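Below is the file final_11.pdb, which contains PDB, C-alpha atoms and all ligand atoms.
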ATOM      1  CA  MET A   1       3.284   0.534  23.817
ATOM      2  CA  GLY A   2       6.274   1.998  22.062
ATOM      3  CA  GLU A   3       6.242   5.103  19.929
ATOM      4  CA  ASP A   4       7.756   3.283  16.953
ATOM      5  CA  ILE A   5       6.305   3.824  13.484
ATOM      6  CA  PHE A   6       4.651   0.389  13.563
ATOM      7  CA  PHE A   7       2.329   1.648  16.280
ATOM      8  CA  GLN A   8       1.934   5.150  14.872
ATOM      9  CA  ARG A   9       0.737   4.042  11.428
ATOM     10  CA  ARG A  10      -3.002   4.234  10.901
ATOM     11  CA  SER A  11      -5.085   4.303   7.720
ATOM     12  CA  VAL A  12      -5.780   7.861   6.608
ATOM     13  CA  ARG A  13      -8.957   8.386   4.585
ATOM     14  CA  SER A  14      -9.106  12.163   4.413
ATOM     15  CA  PHE A  15      -6.166  14.142   3.056
ATOM     16  CA  ILE A  16      -5.266  17.796   2.486
ATOM     17  CA  LEU A  17      -5.842  17.794  -1.254
ATOM     18  CA  ASP A  18      -3.578  20.690  -2.195
ATOM     19  CA  LYS A  19      -0.630  19.819   0.047
ATOM     20  CA  ASP A  20       1.824  18.004  -2.193
ATOM     21  CA  ILE A  21       4.421  15.518  -0.983
ATOM     22  CA  PRO A  22       7.999  16.728  -1.619
ATOM     23  CA  SER A  23       9.775  14.681  -4.299
ATOM     24  CA  GLU A  24      12.547  13.694  -1.811
ATOM     25  CA  ASP A  25       9.888  12.030   0.321
ATOM     26  CA  ILE A  26       8.388  10.204  -2.661
ATOM     27  CA  GLU A  27      11.867   8.959  -3.555
ATOM     28  CA  TYR A  28      12.506   7.853   0.042
ATOM     29  CA  ILE A  29       9.191   5.959   0.108
ATOM     30  CA  LEU A  30       9.975   4.190  -3.176
ATOM     31  CA  LYS A  31      13.490   3.298  -1.975
ATOM     32  CA  ALA A  32      11.985   1.804   1.178
ATOM     33  CA  ALA A  33       9.493  -0.148  -0.959
ATOM     34  CA  MET A  34      12.285  -1.657  -3.039
ATOM     35  CA  HIS A  35      14.203  -2.622   0.067
ATOM     36  CA  ALA A  36      11.526  -5.140   1.028
ATOM     37  CA  PRO A  37      12.218  -8.844   1.113
ATOM     38  CA  SER A  38      11.008 -10.945  -1.839
ATOM     39  CA  ALA A  39      10.983 -14.657  -2.611
ATOM     40  CA  ASN A  40      14.277 -15.571  -4.312
ATOM     41  CA  ASN A  41      15.083 -11.865  -4.154
ATOM     42  CA  THR A  42      13.132 -11.434  -7.398
ATOM     43  CA  GLN A  43      12.153  -7.854  -6.446
ATOM     44  CA  SER A  44       9.149  -8.473  -8.650
ATOM     45  CA  TRP A  45       7.427  -5.145  -7.997
ATOM     46  CA  GLU A  46       6.648  -2.190 -10.249
ATOM     47  CA  PHE A  47       5.270   1.168  -9.127
ATOM     48  CA  ILE A  48       3.167   3.681 -11.038
ATOM     49  CA  VAL A  49       3.324   7.071  -9.307
ATOM     50  CA  ILE A  50       0.247   9.143 -10.108
ATOM     51  CA  LYS A  51      -0.232  12.850  -9.411
ATOM     52  CA  ASP A  52      -2.649  13.634 -12.256
ATOM     53  CA  ARG A  53      -5.911  14.704 -10.610
ATOM     54  CA  SER A  54      -8.188  13.256 -13.268
ATOM     55  CA  LYS A  55      -6.425   9.883 -13.082
ATOM     56  CA  ILE A  56      -6.607   9.752  -9.263
ATOM     57  CA  ASP A  57     -10.288  10.721  -9.402
ATOM     58  CA  GLU A  58     -10.874   7.946 -11.922
ATOM     59  CA  MET A  59      -9.058   5.475  -9.643
ATOM     60  CA  SER A  60     -11.270   6.570  -6.729
ATOM     61  CA  LYS A  61     -14.186   4.980  -8.619
ATOM     62  CA  THR A  62     -12.550   1.538  -8.809
ATOM     63  CA  HIS A  63     -14.677   0.232  -5.950
ATOM     64  CA  GLN A  64     -16.646   1.378  -2.929
ATOM     65  CA  TYR A  65     -13.592   1.567  -0.690
ATOM     66  CA  THR A  66     -11.300   3.533  -3.009
ATOM     67  CA  LYS A  67     -13.263   6.757  -2.452
ATOM     68  CA  PRO A  68     -10.641   8.230  -0.051
ATOM     69  CA  LEU A  69      -8.484   8.768  -3.151
ATOM     70  CA  SER A  70     -10.644  11.761  -4.018
ATOM     71  CA  SER A  71      -8.714  13.872  -1.470
ATOM     72  CA  ALA A  72      -5.267  12.291  -1.964
ATOM     73  CA  PRO A  73      -2.609  14.354  -3.778
ATOM     74  CA  LEU A  74      -0.690  11.209  -4.726
ATOM     75  CA  ALA A  75      -1.403   7.575  -5.504
ATOM     76  CA  ILE A  76       0.915   4.680  -6.146
ATOM     77  CA  LEU A  77      -0.349   1.680  -8.059
ATOM     78  CA  VAL A  78       1.744  -1.219  -6.818
ATOM     79  CA  CYS A  79       2.059  -3.914  -9.451
ATOM     80  CA  ALA A  80       3.663  -7.336  -9.693
ATOM     81  CA  ASP A  81       5.790  -8.668 -12.504
ATOM     82  CA  MET A  82       4.474 -12.190 -13.039
ATOM     83  CA  LYS A  83       7.597 -13.244 -14.968
ATOM     84  CA  PRO A  84      10.413 -11.355 -13.264
ATOM     85  CA  ASN A  85      13.193 -13.354 -14.907
ATOM     86  CA  GLY A  86      11.417 -13.649 -18.204
ATOM     87  CA  LYS A  87      10.240 -17.228 -17.872
ATOM     88  CA  ASP A  88       9.272 -18.595 -14.433
ATOM     89  CA  ILE A  89       5.823 -17.778 -13.140
ATOM     90  CA  ASN A  90       6.127 -15.722  -9.972
ATOM     91  CA  LYS A  91       4.002 -17.659  -7.473
ATOM     92  CA  PHE A  92       4.798 -15.245  -4.662
ATOM     93  CA  TRP A  93       3.698 -12.099  -6.498
ATOM     94  CA  GLU A  94       1.154 -10.957  -3.921
ATOM     95  CA  GLN A  95       3.438 -11.616  -0.976
ATOM     96  CA  ASN A  96       6.366  -9.792  -2.569
ATOM     97  CA  ALA A  97       4.200  -6.790  -3.450
ATOM     98  CA  SER A  98       2.647  -6.778   0.021
ATOM     99  CA  ALA A  99       6.080  -6.616   1.670
ATOM    100  CA  ALA A 100       6.859  -3.573  -0.508
ATOM    101  CA  ILE A 101       3.481  -2.038   0.350
ATOM    102  CA  GLU A 102       4.015  -2.326   4.087
ATOM    103  CA  ASN A 103       7.399  -0.623   3.659
ATOM    104  CA  ILE A 104       5.636   2.197   1.765
ATOM    105  CA  LEU A 105       3.186   2.691   4.632
ATOM    106  CA  LEU A 106       5.893   2.668   7.289
ATOM    107  CA  ALA A 107       8.264   4.924   5.322
ATOM    108  CA  ALA A 108       5.405   7.384   4.817
ATOM    109  CA  THR A 109       4.586   7.306   8.546
ATOM    110  CA  TYR A 110       8.248   7.935   9.328
ATOM    111  CA  ARG A 111       8.136  11.071   7.159
ATOM    112  CA  GLY A 112       4.861  12.305   8.681
ATOM    113  CA  ILE A 113       2.834  11.353   5.608
ATOM    114  CA  GLY A 114      -0.531   9.621   5.822
ATOM    115  CA  SER A 115      -1.301   6.539   3.773
ATOM    116  CA  LEU A 116      -4.031   4.100   2.836
ATOM    117  CA  TRP A 117      -3.726   0.594   1.366
ATOM    118  CA  MET A 118      -6.602  -0.220  -1.004
ATOM    119  CA  GLY A 119      -6.833  -3.767  -2.259
ATOM    120  CA  ILE A 120      -7.066  -4.576  -5.967
ATOM    121  CA  ALA A 121      -5.778  -8.164  -6.366
ATOM    122  CA  PRO A 122      -7.139 -10.813  -6.356
ATOM    123  CA  ILE A 123     -10.514  -9.329  -7.406
ATOM    124  CA  GLU A 124     -10.625  -9.810 -11.185
ATOM    125  CA  GLU A 125     -13.004  -6.919 -11.776
ATOM    126  CA  TYR A 126     -10.736  -4.401 -10.036
ATOM    127  CA  MET A 127      -7.604  -5.845 -11.597
ATOM    128  CA  THR A 128      -9.101  -5.517 -15.066
ATOM    129  CA  LYS A 129     -10.049  -1.908 -14.383
ATOM    130  CA  MET A 130      -6.482  -1.005 -13.382
ATOM    131  CA  LYS A 131      -4.954  -3.102 -16.181
ATOM    132  CA  ASN A 132      -7.029  -1.244 -18.751
ATOM    133  CA  MET A 133      -6.603   2.179 -17.232
ATOM    134  CA  PHE A 134      -2.812   1.957 -17.190
ATOM    135  CA  ALA A 135      -2.438  -0.299 -20.230
ATOM    136  CA  LEU A 136      -0.409  -2.772 -18.174
ATOM    137  CA  PRO A 137       1.403  -5.462 -20.142
ATOM    138  CA  GLU A 138       0.044  -9.012 -19.947
ATOM    139  CA  HIS A 139       2.708 -10.118 -17.434
ATOM    140  CA  VAL A 140       2.068  -7.250 -14.983
ATOM    141  CA  ASN A 141      -0.700  -7.500 -12.370
ATOM    142  CA  PRO A 142      -2.006  -4.591 -10.296
ATOM    143  CA  VAL A 143      -1.953  -5.504  -6.588
ATOM    144  CA  ALA A 144      -3.038  -2.436  -4.634
ATOM    145  CA  ILE A 145      -3.493   1.303  -4.770
ATOM    146  CA  ILE A 146      -1.759   3.304  -2.052
ATOM    147  CA  ALA A 147      -3.070   6.791  -1.306
ATOM    148  CA  LEU A 148      -0.504   9.196   0.133
ATOM    149  CA  GLY A 149      -0.824  12.701   1.515
ATOM    150  CA  TYR A 150      -1.019  14.770   4.667
ATOM    151  CA  ALA A 151      -3.866  13.769   6.963
ATOM    152  CA  LYS A 152      -6.655  16.303   7.384
ATOM    153  CA  THR A 153      -6.846  15.432  11.053
ATOM    154  CA  ASN A 154      -4.101  13.585  12.822
ATOM    155  CA  PHE A 155      -5.067  10.403  14.557
ATOM    156  CA  ASP A 156      -5.312  10.880  18.303
ATOM    157  CA  MET A 157      -2.555   8.583  19.490
ATOM    158  CA  SER A 158      -4.031   8.456  22.995
ATOM    159  CA  LYS A 159      -7.069   6.695  21.453
ATOM    160  CA  ARG A 160      -4.916   3.895  20.066
ATOM    161  CA  GLU A 161      -6.182   0.488  20.988
ATOM    162  CA  ASN A 162      -3.899  -2.313  22.059
ATOM    163  CA  ARG A 163      -4.195  -4.945  19.350
ATOM    164  CA  PHE A 164      -1.959  -7.471  20.995
ATOM    165  CA  GLU A 165      -3.905 -10.633  21.707
ATOM    166  CA  GLN A 166      -2.103 -13.257  23.672
ATOM    167  CA  GLU A 167      -4.576 -15.939  22.537
ATOM    168  CA  LYS A 168      -3.429 -15.496  18.929
ATOM    169  CA  VAL A 169       0.051 -16.551  19.877
ATOM    170  CA  HIS A 170       0.730 -20.275  19.948
ATOM    171  CA  TYR A 171       3.845 -21.816  21.279
ATOM    172  CA  GLU A 172       5.131 -25.027  19.751
ATOM    173  CA  LYS A 173       1.609 -26.184  18.765
ATOM    174  CA  TYR A 174      -1.765 -24.655  17.856
TER     175      TYR A 174
HETATM  176  C1  LIG A 201      -5.179  -6.000   1.671
HETATM  177  C2  LIG A 201      -5.793  -4.749   2.248
HETATM  178  C3  LIG A 201      -6.787  -4.105   1.556
HETATM  179  C4  LIG A 201      -7.374  -2.935   2.051
HETATM  180  N1  LIG A 201      -8.290  -2.278   1.294
HETATM  181  C5  LIG A 201      -8.828  -1.135   1.756
HETATM  182  C6  LIG A 201      -9.724  -0.372   0.945
HETATM  183  O1  LIG A 201     -10.029  -0.747  -0.183
HETATM  184  N2  LIG A 201     -10.212   0.783   1.432
HETATM  185  C7  LIG A 201      -9.894   1.232   2.697
HETATM  186  O2  LIG A 201     -10.402   2.298   3.086
HETATM  187  N3  LIG A 201      -9.045   0.546   3.493
HETATM  188  C8  LIG A 201      -8.488  -0.607   3.046
HETATM  189  N4  LIG A 201      -7.562  -1.269   3.801
HETATM  190  C9  LIG A 201      -7.166  -0.729   5.132
HETATM  191  C10 LIG A 201      -7.808  -1.480   6.290
HETATM  192  O3  LIG A 201      -9.187  -1.230   6.334
HETATM  193  C11 LIG A 201      -7.118  -1.041   7.600
HETATM  194  O4  LIG A 201      -5.752  -1.339   7.532
HETATM  195  C12 LIG A 201      -7.720  -1.708   8.836
HETATM  196  O5  LIG A 201      -9.045  -1.316   9.023
HETATM  197  C13 LIG A 201      -6.910  -1.403  10.110
HETATM  198  O6  LIG A 201      -6.831  -0.003  10.344
HETATM  199  P1  LIG A 201      -5.439   0.753  10.405
HETATM  200  O7  LIG A 201      -4.771   0.642   9.040
HETATM  201  O8  LIG A 201      -5.775   2.183  10.733
HETATM  202  O9  LIG A 201      -4.571   0.122  11.429
HETATM  203  C14 LIG A 201      -6.958  -2.427   3.322
HETATM  204  C15 LIG A 201      -5.952  -3.091   4.022
HETATM  205  C16 LIG A 201      -5.345  -4.229   3.485
HETATM  206  C17 LIG A 201      -4.234  -4.881   4.243
END

Translate this structure into structure tokens?
Amino acid sequence: MGEDIFFQRRSVRSFILDKDIPSEDIEYILKAAMHAPSANNTQSWEFIVIKDRSKIDEMSKTHQYTKPLSSAPLAILVCADMKPNGKDINKFWEQNASAAIENILLAATYRGIGSLWMGIAPIEEYMTKMKNMFALPEHVNPVAIIALGYAKTNFDMSKRENRFEQEKVHYEKY
């Protein structure tokens, strides 16, 4: 298996709380996010960058699996503009945002920063929580929370499993 970032990236759930991410790295990660592909090139994403401890702690209570935020120095709430050109409904909102999210994770890996993708959409309860907390406008949907920071313990790359499964690949027909 190659040493490319695709294979190095793993979910990090325990961060060094007081080790901040340099602003150049945050900017790089956001640039990478906005370089993602999107249906009709709508670039229908919005990002809320959160460093405020009390806000991140509040976000960690969104659901059972957002607890890792409690040690993260930074969170990004990735949102989708449902009407990116002011009128048409953006049917591909989750796919567009997800492409941006994967770029965030890979850009972070490239810069030696750990990350975690925590799902918000399409669960109404979680979406409402984030909508209220950040007073999102009607046409903006929260999609996911990304935790970013330096991993407390680095993943042992020698323990990586091979996830390639030949039987999941179909040629010409299922
Ligand atoms: C849509 C989506 C939602 C996820 N939500 C959570 C979450 O809420 N909490 C969490 O700890 N991990 C979450 N994850 C991370 C997955 O659990 C993780 O990617 C998976 O177990 C594979 O591990 P790896 O990222 O280390 O390769 C989510 C991943 C995706 C793609």

Using all atoms listed in the file, which protein or nucleic acid residues come within 8 Å of range 108-121 of chain A? Drop anything in the same chain fewer than 3 positions from it, and give the result as a VMD selection string.
chain A and resid 5 8 to 13 15 21 25 29 65 to 66 94 101 104 to 105 124 126 to 127 141 to 151

Provide the CA of Ala72 in chain A to CA of Lys129 in chain A distance in Å, to one decimal place.
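For CA of Ala72 in chain A relative to CA of Lys129 in chain A, the distance reads 19.5 Å.
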
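If only C-alpha atoms and all ligand atoms are the atoms counted, then among A:Thr128, A:Ser38, A:Ser44, A:Ser14 the closest residue to ligand LIG 201 (chain A) is A:Ser14.
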
Can you tell me, as JSON, numbers by chain, what residues are no more than 6 Å from Ala99 in chain A when counting only C-alpha atoms, ignoring any on the same chain fewer than 3 positions away?
{"A": [36, 96, 102]}

If I take atom O8 of ligand LIG 201 (chain A) and CA of Glu3 in chain A, how far is one from the other in Å, to one decimal?
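Here the two named atoms are 15.4 Å from each other.
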
Give as a list in words the residues that the PyMOL selection byres (((chain A and resi 82-87) around 9) and not hetatm) matches when applied to the coordinates above.
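In the shown coordinates, the PyMOL selection byres (((chain A and resi 82-87) around 9) and not hetatm) covers Thr42, Gln43, Ser44, Trp45, Ala80, Asp81, Asp88, Ile89, Asn90, Lys91, Phe92, Trp93, Glu138, His139, Val140 and Asn141 of chain A.
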
With all atoms listed in the file as the atoms that count, which of A:Phe164, A:Phe155, A:Phe47, A:Tyr174 lies nearest to ligand LIG 201 (chain A)?
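Counting all atoms listed in the file, the residue closest to ligand LIG 201 (chain A) is A:Phe155.
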
Between CA of Cys79 in chain A and CA of Glu27 in chain A, measure the distance and give it in Å to one decimal.
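That distance, rounded to one decimal, is 17.2 Å.
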
Just checking: using all atoms listed in the file, which residue out of A:His170, A:Lys51, A:His35, A:Lys159 ends up closest to Asp18 in chain A?
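Between A:His170, A:Lys51, A:His35, A:Lys159, the residue approaching Asp18 in chain A most closely is A:Lys51.
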
Axis-aligned box over every listed atom of ligand LIG 201 (chain A), padded by 6 Å per side: centre and edges in Å to one decimal, as lines of an AutoDock Vina configuration file?
center_x = -7.3
center_y = -1.9
center_z = 5.6
size_x = 18.2
size_y = 20.3
size_z = 23.6

Option closest in space to Ala33 in chain A, from A:Val78, A:Pro68, A:Glu161, A:Asp156 [counting all atoms listed in the file]
A:Val78

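With distances taken over only C-alpha atoms and all ligand atoms, A:Lys67 is the one residue among A:Tyr171, A:Lys67, A:Glu24, A:Leu77 lying closest to ligand LIG 201 (chain A).
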
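With distances taken over all atoms listed in the file, A:Met59 is the one residue among A:Met59, A:Ile26, A:Ile16, A:Val49 lying closest to ligand LIG 201 (chain A).
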